>>> print(open('target_37.txt').read())   # compact mmCIF, C-alpha atoms
# COMPACT_ATOMS: atom_id res chain seq x y z
CA MET A 711 0.00 0.00 0.00
CA GLU A 712 1.21 3.47 -0.84
CA ASN A 713 2.00 5.78 2.03
CA LEU A 714 -0.99 7.95 2.85
CA LEU A 715 1.17 10.21 4.96
CA PRO A 716 4.84 11.10 5.00
CA HIS A 717 6.73 8.81 7.33
CA PRO A 718 7.40 9.76 9.98
CA ILE A 719 4.68 12.29 10.66
CA PRO A 720 6.81 15.38 11.45
CA TRP A 721 7.07 16.47 15.08
CA TYR A 722 5.14 19.70 14.50
CA ILE A 723 2.09 17.69 13.46
CA ALA A 724 2.45 14.65 15.76
CA GLY A 725 3.21 16.67 18.92
CA PRO A 726 0.22 19.05 18.75
CA LEU A 727 -2.07 16.10 17.86
CA ILE A 728 -0.80 14.22 20.92
CA GLY A 729 -1.35 17.35 23.03
CA LEU A 730 -4.99 17.46 21.91
CA PHE A 731 -5.62 14.14 23.69
CA VAL A 732 -5.36 16.10 26.96
CA PRO A 733 -8.52 18.21 26.35
CA ALA A 734 -10.20 15.39 24.38
CA LEU A 735 -10.04 12.97 27.32
CA LEU A 736 -10.91 15.70 29.84
CA VAL A 737 -13.98 16.89 27.97
CA LEU A 738 -15.24 13.66 26.41
CA ALA A 739 -14.56 11.35 29.34
CA ASN A 740 -13.45 13.58 32.27
CA LYS A 741 -10.28 11.48 32.51
CA GLN A 742 -6.64 12.52 32.71
CA LEU A 743 -4.39 11.02 30.04
CA GLY A 744 -2.22 8.23 31.41
CA VAL A 745 -1.05 4.76 30.51
CA SER A 746 1.06 3.17 33.23
CA SER A 747 -1.76 2.71 35.78
CA SER A 748 -3.00 0.03 33.38
CA PHE A 749 -0.23 -2.24 34.73
CA ARG A 750 -1.66 -1.83 38.23
CA HIS A 751 -5.22 -2.51 37.06
CA MET A 752 -4.09 -5.70 35.32
CA CYS A 753 -2.43 -6.92 38.53
CA ALA A 754 -5.53 -6.05 40.53
CA ALA A 755 -7.81 -7.75 38.00
CA VAL A 756 -5.83 -10.93 37.39
CA LEU A 757 -3.57 -11.69 40.30
CA PRO A 758 -5.13 -12.86 43.56
CA THR A 759 -3.74 -10.52 46.13
CA ASN A 760 -4.16 -9.23 49.61
CA VAL A 761 -1.59 -6.50 49.02
CA GLU A 762 -3.08 -3.11 49.83
CA TYR A 763 -1.82 -1.49 46.59
CA PHE A 764 -4.03 -3.85 44.58
CA ARG A 765 -7.09 -3.73 46.82
CA TYR A 766 -9.26 -1.12 45.14
CA ASN A 767 -12.11 -1.13 42.69
CA TRP A 768 -10.15 -1.53 39.44
CA LYS A 769 -13.40 -1.85 37.49
CA ALA A 770 -14.04 1.82 38.20
CA GLU A 771 -10.80 2.52 36.29
CA SER A 772 -11.52 0.11 33.46
CA TRP A 773 -11.67 3.00 30.96
CA GLN A 774 -7.89 2.94 31.02
CA LEU A 775 -7.72 -0.74 30.06
CA ILE A 776 -10.03 0.06 27.15
CA PHE A 777 -7.79 3.00 26.20
CA VAL A 778 -4.60 0.90 26.12
CA PHE A 779 -6.40 -1.86 24.20
CA GLY A 780 -7.36 0.86 21.71
CA MET A 781 -3.68 1.84 21.50
CA LEU A 782 -2.82 -1.76 20.65
CA VAL A 783 -5.47 -1.80 17.93
CA GLY A 784 -4.22 1.59 16.73
CA GLY A 785 -0.72 0.16 16.37
CA PHE A 786 -2.12 -2.71 14.35
CA ILE A 787 -4.16 -0.48 12.04
CA ALA A 788 -1.38 2.07 11.55
CA ARG A 789 0.99 -0.71 10.57
CA GLN A 790 -1.45 -1.78 7.82
CA LEU A 791 -2.15 1.76 6.61
CA PHE A 792 1.33 3.22 6.62
CA SER A 793 4.11 0.99 5.44
CA LEU A 794 6.82 0.92 8.08
CA PRO A 795 10.04 2.73 7.27
CA GLU A 796 12.84 0.79 5.60
CA MET A 797 14.99 2.59 8.08
CA VAL A 798 14.26 5.14 10.79
CA GLY A 799 15.84 8.41 9.69
CA ILE A 800 18.01 8.75 12.77
CA SER A 801 20.90 11.17 12.68
CA ALA A 802 24.28 10.02 11.40
CA SER A 803 25.88 10.65 14.79
CA THR A 804 23.40 8.32 16.54
CA LYS A 805 24.16 5.66 13.95
CA THR A 806 27.88 6.12 14.54
CA ASP A 807 27.43 5.87 18.32
CA LEU A 808 25.32 2.72 18.05
CA THR A 809 27.79 1.16 15.61
CA THR A 810 30.55 1.87 18.13
CA LEU A 811 28.45 0.09 20.76
CA GLY A 812 28.34 -2.96 18.49
CA MET A 813 24.99 -2.62 16.75
CA THR A 814 25.08 -3.96 13.20
CA THR A 815 21.55 -3.64 11.77
CA PHE A 816 19.73 -0.38 11.19
CA SER A 817 16.78 -1.46 9.04
CA GLY A 818 13.17 -1.23 10.16
CA LEU A 819 11.50 0.63 13.00
CA GLN A 820 13.18 -1.45 15.68
CA PRO A 821 16.70 -2.97 15.80
CA ALA A 822 16.25 -6.50 14.46
CA GLU A 823 19.05 -7.86 16.63
CA ILE A 824 17.12 -6.95 19.80
CA PHE A 825 13.44 -7.24 18.88
CA GLN A 826 13.35 -10.94 18.02
CA TRP A 827 12.20 -13.81 20.21
CA HIS A 828 15.50 -15.60 19.78
CA ALA A 829 17.28 -12.52 21.18
CA LEU A 830 15.73 -13.49 24.53
CA VAL A 831 18.09 -16.47 24.82
CA THR A 832 20.99 -14.03 25.01
CA LEU A 833 21.86 -12.14 28.18
CA ARG A 834 21.83 -8.92 26.18
CA GLY A 835 18.32 -9.51 24.88
CA LEU A 836 17.07 -10.50 28.31
CA LEU A 837 18.49 -7.37 29.90
CA LEU A 838 17.16 -5.00 27.23
CA ILE A 839 13.68 -6.50 26.82
CA VAL A 840 12.82 -8.29 30.06
CA PHE A 841 14.84 -6.37 32.65
CA GLY A 842 14.13 -3.10 30.80
CA GLY A 843 10.40 -3.91 30.79
CA PHE A 844 10.53 -4.68 34.50
CA LEU A 845 12.11 -1.28 35.22
CA VAL A 846 9.41 0.41 33.13
CA GLY A 847 6.64 -1.22 35.17
CA PHE A 848 8.29 -0.85 38.56
CA GLY A 849 9.55 2.67 37.94
CA THR A 850 6.34 4.12 36.52
CA ARG A 851 4.31 2.80 39.45
CA TYR A 852 6.89 4.02 41.95
CA SER A 853 6.89 7.47 40.34
CA ASN A 854 3.09 7.37 39.94
CA GLY A 855 3.14 8.08 36.19
CA CYS A 856 4.92 7.81 32.87
CA THR A 857 5.63 9.94 29.83
CA SER A 858 1.89 10.29 29.18
CA GLY A 859 0.66 10.82 32.74
CA HIS A 860 3.52 12.97 34.05
CA SER A 861 5.35 14.50 31.07
CA ILE A 862 2.33 15.33 28.91
CA MET A 863 -0.73 15.39 31.19
CA GLY A 864 1.01 16.49 34.38
CA MET A 865 3.12 19.18 32.74
CA SER A 866 0.03 20.44 30.86
CA LEU A 867 -1.45 21.02 34.33
CA LEU A 868 1.83 22.82 35.26
CA ASN A 869 2.19 20.27 38.06
CA LEU A 870 5.56 20.51 39.83
CA GLY A 871 5.66 16.83 40.84
CA SER A 872 5.26 15.83 37.21
CA LEU A 873 8.12 18.09 36.13
CA ILE A 874 10.32 16.48 38.79
CA ALA A 875 9.29 13.00 37.62
CA THR A 876 10.18 13.96 34.04
CA ILE A 877 13.60 15.16 35.19
CA GLY A 878 13.98 11.73 36.83
CA PHE A 879 13.07 10.00 33.55
CA PHE A 880 15.95 11.82 31.87
CA MET A 881 18.41 11.20 34.70
CA GLY A 882 17.70 7.45 34.49
CA GLY A 883 17.68 7.45 30.71
CA LEU A 884 21.03 9.22 30.45
CA PHE A 885 22.56 6.85 33.01
CA ALA A 886 21.31 3.79 31.10
CA THR A 887 22.39 5.24 27.75
CA TYR A 888 25.93 6.19 28.74
CA VAL A 889 26.71 3.64 31.49
CA LEU A 890 24.45 0.57 31.23
CA LEU A 891 24.14 0.19 27.45
CA PRO A 892 27.92 0.04 26.79
CA LEU A 893 28.19 -2.65 29.49
CA ILE A 894 25.23 -4.61 28.14
CA PHE A 895 26.52 -4.46 24.56
CA LYS A 896 29.84 -5.94 25.70
CA LEU A 897 28.09 -9.08 26.98
CA MET B 1252 -20.77 5.51 25.21
CA GLN B 1253 -17.81 6.73 27.26
CA LYS B 1254 -16.15 3.37 26.65
CA LEU B 1255 -16.54 3.67 22.89
CA ILE B 1256 -15.11 7.21 22.93
CA VAL B 1257 -12.13 6.10 25.00
CA PHE B 1258 -11.54 3.12 22.70
CA ILE B 1259 -11.54 5.33 19.59
CA LEU B 1260 -9.23 7.87 21.26
CA GLY B 1261 -6.90 4.98 22.15
CA ILE B 1262 -6.82 3.83 18.52
CA LEU B 1263 -5.95 7.34 17.33
CA PHE B 1264 -3.35 7.84 20.05
CA GLY B 1265 -1.67 4.52 19.22
CA GLY B 1266 -1.73 5.24 15.51
CA ILE B 1267 -0.05 8.63 15.98
CA LEU B 1268 2.63 7.18 18.29
CA LEU B 1269 3.51 4.55 15.68
CA SER B 1270 3.49 6.73 12.62
CA SER B 1271 5.53 9.49 14.28
CA GLU B 1272 8.18 6.86 15.20
CA VAL B 1273 8.23 7.87 18.86
CA VAL B 1274 7.83 4.16 19.62
CA SER B 1275 11.17 3.39 17.95
CA TRP B 1276 14.13 2.22 20.04
CA PHE B 1277 16.35 4.15 17.61
CA ARG B 1278 14.45 7.40 18.25
CA ILE B 1279 14.77 7.01 22.03
CA GLN B 1280 18.53 6.55 21.71
CA GLU B 1281 18.72 9.59 19.47
CA MET B 1282 16.82 11.55 22.12
CA PHE B 1283 18.99 10.49 25.08
CA ARG B 1284 22.08 11.33 23.01
CA PHE B 1285 20.64 14.79 22.15
CA GLN B 1286 21.27 14.14 18.45
CA SER B 1287 17.90 15.09 16.99
CA PHE B 1288 15.09 17.47 17.76
CA HIS B 1289 12.33 15.01 16.77
CA MET B 1290 11.42 13.61 20.22
CA TYR B 1291 11.84 16.97 21.95
CA GLY B 1292 9.66 18.57 19.31
CA VAL B 1293 6.93 15.94 19.76
CA ILE B 1294 6.89 16.03 23.57
CA GLY B 1295 7.46 19.80 23.81
CA SER B 1296 4.73 20.78 21.37
CA ALA B 1297 2.35 18.23 22.96
CA VAL B 1298 2.86 19.91 26.36
CA VAL B 1299 2.39 23.40 24.88
CA VAL B 1300 -0.87 22.39 23.18
CA GLY B 1301 -1.99 20.47 26.30
CA ALA B 1302 -1.26 23.41 28.61
CA ILE B 1303 -2.98 25.96 26.34
CA SER B 1304 -5.97 23.62 26.11
CA VAL B 1305 -6.21 23.29 29.90
CA PHE B 1306 -5.90 27.06 30.26
CA LEU B 1307 -8.75 27.63 27.77
CA LEU B 1308 -10.98 24.93 29.30
CA LYS B 1309 -10.54 26.57 32.71
CA LYS B 1310 -10.96 30.12 31.39
CA PHE B 1311 -14.26 29.29 29.73
CA SER B 1312 -15.35 26.96 32.57
CA VAL B 1313 -15.95 24.14 30.15
CA LYS B 1314 -17.70 21.13 31.64
CA ALA B 1315 -17.28 17.50 30.60
CA ILE B 1316 -19.91 16.26 28.15
CA ASP B 1317 -21.74 14.41 30.93
CA GLY B 1318 -22.11 17.77 32.67
CA SER B 1319 -19.60 17.04 35.44
CA GLU B 1320 -16.87 19.40 36.61
CA ILE B 1321 -13.53 18.56 34.97
CA ASN B 1322 -10.90 17.23 37.35
CA TYR B 1323 -7.69 19.27 37.08
CA VAL B 1324 -6.04 17.97 40.23
CA GLY B 1325 -2.42 17.07 39.49
CA LYS B 1326 -0.57 14.14 41.00
CA PRO B 1327 1.05 14.76 44.40
CA ASN B 1328 4.65 15.93 44.54
CA LYS B 1329 6.58 13.27 46.42
CA LYS B 1330 10.18 12.11 46.53
CA SER B 1331 9.03 8.88 44.89
CA ASN B 1332 8.25 10.83 41.68
CA LEU B 1333 12.00 11.32 41.30
CA TYR B 1334 13.14 7.92 42.60
CA GLY B 1335 10.67 5.95 40.51
CA GLY B 1336 11.24 8.31 37.60
CA ILE B 1337 14.94 7.49 37.55
CA ILE B 1338 14.17 3.74 37.56
CA PHE B 1339 11.61 4.13 34.78
CA GLY B 1340 14.05 6.28 32.78
CA MET B 1341 16.59 3.47 32.81
CA GLY B 1342 13.95 1.05 31.54
CA TRP B 1343 12.89 3.56 28.87
CA ALA B 1344 16.44 3.70 27.50
CA LEU B 1345 16.94 -0.09 27.61
CA THR B 1346 13.64 -1.21 26.02
CA GLY B 1347 13.36 1.95 23.94
CA ALA B 1348 9.72 2.12 24.99
CA CYS B 1349 7.65 3.85 27.64
CA PRO B 1350 4.38 2.19 28.67
CA GLY B 1351 2.24 3.45 25.76
CA PRO B 1352 4.58 2.23 23.03
CA LEU B 1353 4.65 -1.25 24.61
CA TYR B 1354 0.98 -1.63 23.67
CA VAL B 1355 1.40 0.05 20.28
CA LEU B 1356 4.40 -2.10 19.31
CA LEU B 1357 2.61 -5.27 20.33
CA GLY B 1358 -0.32 -4.25 18.13
CA ALA B 1359 2.12 -3.51 15.29
CA GLN B 1360 3.18 -7.17 15.50
CA TYR B 1361 6.50 -6.79 17.28
CA THR B 1362 5.47 -9.86 19.23
CA VAL B 1363 8.58 -10.03 21.43
CA VAL B 1364 7.37 -6.81 23.07
CA LEU B 1365 4.86 -9.07 24.84
CA ALA B 1366 7.77 -10.23 27.00
CA ALA B 1367 8.58 -6.61 27.91
CA LEU B 1368 4.91 -5.83 28.60
CA LEU B 1369 4.42 -8.86 30.87
CA SER B 1370 7.63 -7.99 32.63
CA ALA B 1371 6.35 -4.43 33.13
CA VAL B 1372 3.16 -5.80 34.71
CA GLY B 1373 5.42 -7.97 36.88
CA GLY B 1374 7.41 -4.86 37.81
CA ALA B 1375 4.19 -3.12 38.86
CA TYR B 1376 3.32 -6.17 40.96
CA VAL B 1377 6.72 -6.18 42.69
CA TYR B 1378 6.28 -2.46 43.38
CA GLY B 1379 2.94 -3.24 45.01
CA LEU B 1380 4.59 -5.86 47.22
CA LEU B 1381 7.43 -3.53 48.26
CA GLN B 1382 5.50 -0.24 48.41
CA LYS B 1383 5.41 0.00 52.21
CA ARG B 1384 9.16 -0.53 52.50
CA LEU B 1385 10.21 1.99 49.84
CA PRO B 1386 10.89 5.64 50.62
CA HIS B 1387 8.18 7.90 49.25
>>> encode(input="target_37.txt", output="structure tokens")
Amino acid sequence: MENLLPHPIPWYIAGPLIGLFVPALLVLANKQLGVSSSFRHMCAAVLPTNVEYFRYNWKAESWQLIFVFGMLVGGFIARQLFSLPEMVGISASTKTDLTTLGMTTFSGLQPAEIFQWHALVTLRGLLLIVFGGFLVGFGTRYSNGCTSGHSIMGMSLLNLGSLIATIGFFMGGLFATYVLLPLIFKL
Amino acid sequence: MQKLIVFILGILFGGILLSSEVVSWFRIQEMFRFQSFHMYGVIGSAVVVGAISVFLLKKFSVKAIDGSEINYVGKPNKKSNLYGGIIFGMGWALTGACPGPLYVLLGAQYTVVLAALLSAVGGAYVYGLLQKRLPH
């Protein structure tokens, strides 16, 4: 299928569109944009627990599970409508840095050497996908929000705690990028 | 009705995240290495539009469509925002995905992301178990 839109959608279109989800959810559903609480709701819904953090009426928050399921469907539809890039147009310096780390493939939206099931049998793949995923779940719940809930929704409300959380996201991200990734890529 | 609206908004949100490449591991690396404006442009302009929208909704006392007062209460400012934020940031750089993109990538048939997503739910569970013992 031919591209219906330039790929990627440029930041000055994608960003404002993403920002409009703040008023859209507030007005149409009286909900604040957020994604990471869905992890908590899934635990509360599925895992038998007497832990206080999971003892609440998750069904009252089920809109968020519907929202993230919509995101999954949106990813599926967008993949059919817009052919994925042969290569993400990352800057030459990023490519050089990643090559120095030991990355060899740059085709597709995601690095093929990491985003494959068989990568999970390697320590590197396990650390990037499974350990990384664990930190995403643990960290977002500990900080009470993620890029959507704190960086976009919280900062749109000019909420100081959300700005501090976002600063934390970057502190952790820079540490992982410059300290952890070189170690992991040596494994 | 609210559920249908939320579902449709989720579809649109996921579609935009995929087609703007903000779900790409490569883009996240580029961001943390400060080598492109793309991610900063997306997040920055989203916040500007979000903040202006909130300002206008408040100024004109807009109510939600069900007639209720819109909730503008932000999340509390605690030390855990920073501590947890640092932990999440590390995970963001390693997986190249924040929570939203985990769902979007799974939908876009990057099936191995299921392992990251389940692990994230596991991480939330472990947080729940340890919550009382962690500094907040």
>>> residues_around(input="target_37.txt", residues="segment 743-759 of chain A", least_positions_apart="4", cutoff="8 Å", atoms="only C-alpha atoms", output="number ranges by chain")
A: 731-732, 735, 764-766, 768, 771-772, 774-775, 778, 847, 850-851, 854-856, 858-860, 863; B: 1350-1351, 1371-1372, 1375-1376
>>> atom_distance(input="target_37.txt", atom1="atom CA of Ser861 of chain A", atom2="atom CA of Gly1379 of chain B")
22.7 Å
>>> closest_residue(input="target_37.txt", among="A:Gly871, A:Gly864, A:Gly882, A:Gly785", to="Leu845 of chain A", atoms="only C-alpha atoms")
A:Gly882
>>> residues_around(input="target_37.txt", residues="Phe779 of chain A", least_positions_apart="4", cutoff="10 Å", atoms="only C-alpha atoms", output="JSON, numbers by chain")
{"A": [748, 773, 774, 775, 783, 784, 785], "B": [1257, 1258, 1259, 1261, 1262, 1265, 1354, 1355, 1358]}
>>> write_last_selection(input="target_37.txt", atoms="C-alpha atoms", output="mmCIF file, keeping the file's coordinate frame")
data_model
loop_
_atom_site.group_PDB
_atom_site.id
_atom_site.type_symbol
_atom_site.label_atom_id
_atom_site.label_comp_id
_atom_site.auth_asym_id
_atom_site.auth_seq_id
_atom_site.Cartn_x
_atom_site.Cartn_y
_atom_site.Cartn_z
ATOM 1 C CA SER A 748 -3.000 0.030 33.380
ATOM 2 C CA TRP A 773 -11.670 3.000 30.960
ATOM 3 C CA GLN A 774 -7.890 2.940 31.020
ATOM 4 C CA LEU A 775 -7.720 -0.740 30.060
ATOM 5 C CA VAL A 783 -5.470 -1.800 17.930
ATOM 6 C CA GLY A 784 -4.220 1.590 16.730
ATOM 7 C CA GLY A 785 -0.720 0.160 16.370
ATOM 8 C CA VAL B 1257 -12.130 6.100 25.000
ATOM 9 C CA PHE B 1258 -11.540 3.120 22.700
ATOM 10 C CA ILE B 1259 -11.540 5.330 19.590
ATOM 11 C CA GLY B 1261 -6.900 4.980 22.150
ATOM 12 C CA ILE B 1262 -6.820 3.830 18.520
ATOM 13 C CA GLY B 1265 -1.670 4.520 19.220
ATOM 14 C CA TYR B 1354 0.980 -1.630 23.670
ATOM 15 C CA VAL B 1355 1.400 0.050 20.280
ATOM 16 C CA GLY B 1358 -0.320 -4.250 18.130
#
>>> closest_residue(input="target_37.txt", among="B:Met1341, B:Val1363, B:Leu1269, B:Leu1380", to="Ser793 of chain A", atoms="all atoms listed in the file")
B:Leu1269
>>> atom_distance(input="target_37.txt", atom1="atom CA of Gly1266 of chain B", atom2="atom CA of Ala822 of chain A")
21.5 Å
>>> closest_residue(input="target_37.txt", among="B:Val1298, B:Cys1349, B:Leu1260, B:Leu1381", to="Gly842 of chain A", atoms="all atoms listed in the file")
B:Cys1349
>>> residues_around(input="target_37.txt", residues="Met797 of chain A", least_positions_apart="3", cutoff="7 Å", atoms="all atoms listed in the file", output="ChimeraX atom specification")
/A:816-819
>>> atom_distance(input="target_37.txt", atom1="atom CA of Thr815 of chain A", atom2="atom CA of Pro1352 of chain B")
21.2 Å
>>> closest_residue(input="target_37.txt", among="B:Gln1280, B:Arg1384, B:Gly1335, B:Tyr1361", to="chain A", atoms="all atoms listed in the file")
B:Gly1335
>>> residues_near_point(input="target_37.txt", point="(20.0, 4.3, 26.0)", cutoff="8 Å", atoms="only C-alpha atoms", output="list of chain:residue names")
A:Gly883, A:Leu884, A:Phe885, A:Ala886, A:Thr887, A:Tyr888, A:Leu890, A:Leu891, B:Ile1279, B:Gln1280, B:Phe1283, B:Arg1284, B:Met1341, B:Trp1343, B:Ala1344, B:Leu1345, B:Gly1347
>>> axis_aligned_box(input="target_37.txt", around="segment 1287-1300 of chain B", padding_each_side="6 Å", output="lines of an AutoDock Vina configuration file")
center_x = 8.5
center_y = 18.5
center_z = 21.6
size_x = 30.8
size_y = 21.8
size_z = 21.6
>>> closest_residue(input="target_37.txt", among="A:Val831, A:Leu811, A:Ile839, A:Ile824", to="chain B", atoms="only C-alpha atoms")
A:Ile839
>>> residues_around(input="target_37.txt", residues="Ser803 of chain A", least_positions_apart="2", cutoff="10 Å", atoms="only C-alpha atoms", output="PyMOL selection string")
(chain A and resi 800-801+805-809) or (chain B and resi 1281+1284-1287)
>>> closest_residue(input="target_37.txt", among="B:Ser1319, B:Phe1306, B:Lys1383, B:Asn1328", to="chain A", atoms="all atoms listed in the file")
B:Asn1328
>>> decode(input="target_37.txt", residues="segment 1314-1331 of chain B", atoms="N, CA, C and O atoms", output="mmCIF file, in the first residue's frame")
data_model
loop_
_atom_site.group_PDB
_atom_site.id
_atom_site.type_symbol
_atom_site.label_atom_id
_atom_site.label_comp_id
_atom_site.auth_asym_id
_atom_site.auth_seq_id
_atom_site.Cartn_x
_atom_site.Cartn_y
_atom_site.Cartn_z
ATOM 1 N N LYS B 1314 -17.378 22.344 30.885
ATOM 2 C CA LYS B 1314 -17.697 21.126 31.643
ATOM 3 C C LYS B 1314 -17.509 19.905 30.749
ATOM 4 O O LYS B 1314 -17.476 20.020 29.519
ATOM 5 N N ALA B 1315 -17.352 18.741 31.374
ATOM 6 C CA ALA B 1315 -17.277 17.497 30.601
ATOM 7 C C ALA B 1315 -18.625 17.245 29.939
ATOM 8 O O ALA B 1315 -19.641 17.818 30.362
ATOM 9 N N ILE B 1316 -18.648 16.399 28.899
ATOM 10 C CA ILE B 1316 -19.911 16.257 28.151
ATOM 11 C C ILE B 1316 -21.028 15.658 28.994
ATOM 12 O O ILE B 1316 -22.191 15.854 28.694
ATOM 13 N N ASP B 1317 -20.669 14.942 30.068
ATOM 14 C CA ASP B 1317 -21.736 14.414 30.926
ATOM 15 C C ASP B 1317 -22.206 15.462 31.947
ATOM 16 O O ASP B 1317 -23.008 15.160 32.823
ATOM 17 N N GLY B 1318 -21.667 16.686 31.798
ATOM 18 C CA GLY B 1318 -22.111 17.774 32.674
ATOM 19 C C GLY B 1318 -21.306 17.914 33.952
ATOM 20 O O GLY B 1318 -21.518 18.856 34.719
ATOM 21 N N SER B 1319 -20.367 16.993 34.195
ATOM 22 C CA SER B 1319 -19.604 17.041 35.443
ATOM 23 C C SER B 1319 -18.469 18.066 35.355
ATOM 24 O O SER B 1319 -18.059 18.470 34.268
ATOM 25 N N GLU B 1320 -18.000 18.479 36.541
ATOM 26 C CA GLU B 1320 -16.869 19.405 36.615
ATOM 27 C C GLU B 1320 -15.597 18.642 36.247
ATOM 28 O O GLU B 1320 -15.351 17.553 36.756
ATOM 29 N N ILE B 1321 -14.759 19.235 35.380
ATOM 30 C CA ILE B 1321 -13.528 18.555 34.971
ATOM 31 C C ILE B 1321 -12.528 18.540 36.128
ATOM 32 O O ILE B 1321 -12.377 19.527 36.836
ATOM 33 N N ASN B 1322 -11.884 17.399 36.284
ATOM 34 C CA ASN B 1322 -10.899 17.229 37.355
ATOM 35 C C ASN B 1322 -9.513 17.657 36.868
ATOM 36 O O ASN B 1322 -8.930 17.018 36.000
ATOM 37 N N TYR B 1323 -9.007 18.772 37.469
ATOM 38 C CA TYR B 1323 -7.685 19.274 37.079
ATOM 39 C C TYR B 1323 -6.628 19.023 38.155
ATOM 40 O O TYR B 1323 -5.569 19.628 38.131
ATOM 41 N N VAL B 1324 -6.970 18.173 39.118
ATOM 42 C CA VAL B 1324 -6.040 17.968 40.230
ATOM 43 C C VAL B 1324 -4.830 17.161 39.752
ATOM 44 O O VAL B 1324 -4.967 16.048 39.235
ATOM 45 N N GLY B 1325 -3.628 17.753 39.918
ATOM 46 C CA GLY B 1325 -2.419 17.066 39.492
ATOM 47 C C GLY B 1325 -1.998 16.016 40.502
ATOM 48 O O GLY B 1325 -2.519 15.959 41.622
ATOM 49 N N LYS B 1326 -1.053 15.175 40.092
ATOM 50 C CA LYS B 1326 -0.569 14.140 41.005
ATOM 51 C C LYS B 1326 0.292 14.771 42.090
ATOM 52 O O LYS B 1326 0.950 15.772 41.859
ATOM 53 N N PRO B 1327 0.284 14.167 43.302
ATOM 54 C CA PRO B 1327 1.051 14.757 44.400
ATOM 55 C C PRO B 1327 2.549 14.788 44.110
ATOM 56 O O PRO B 1327 3.059 13.954 43.363
ATOM 57 N N ASN B 1328 3.211 15.776 44.713
ATOM 58 C CA ASN B 1328 4.651 15.928 44.535
ATOM 59 C C ASN B 1328 5.366 15.228 45.683
ATOM 60 O O ASN B 1328 5.403 15.722 46.800
ATOM 61 N N LYS B 1329 5.892 14.043 45.387
ATOM 62 C CA LYS B 1329 6.581 13.268 46.424
ATOM 63 C C LYS B 1329 7.980 12.924 45.947
ATOM 64 O O LYS B 1329 8.260 12.973 44.751
ATOM 65 N N LYS B 1330 8.831 12.520 46.897
ATOM 66 C CA LYS B 1330 10.179 12.111 46.526
ATOM 67 C C LYS B 1330 10.144 10.921 45.575
ATOM 68 O O LYS B 1330 11.025 10.749 44.740
ATOM 69 N N SER B 1331 9.115 10.087 45.728
ATOM 70 C CA SER B 1331 9.025 8.881 44.892
ATOM 71 C C SER B 1331 8.856 9.218 43.406
ATOM 72 O O SER B 1331 9.201 8.397 42.552
#
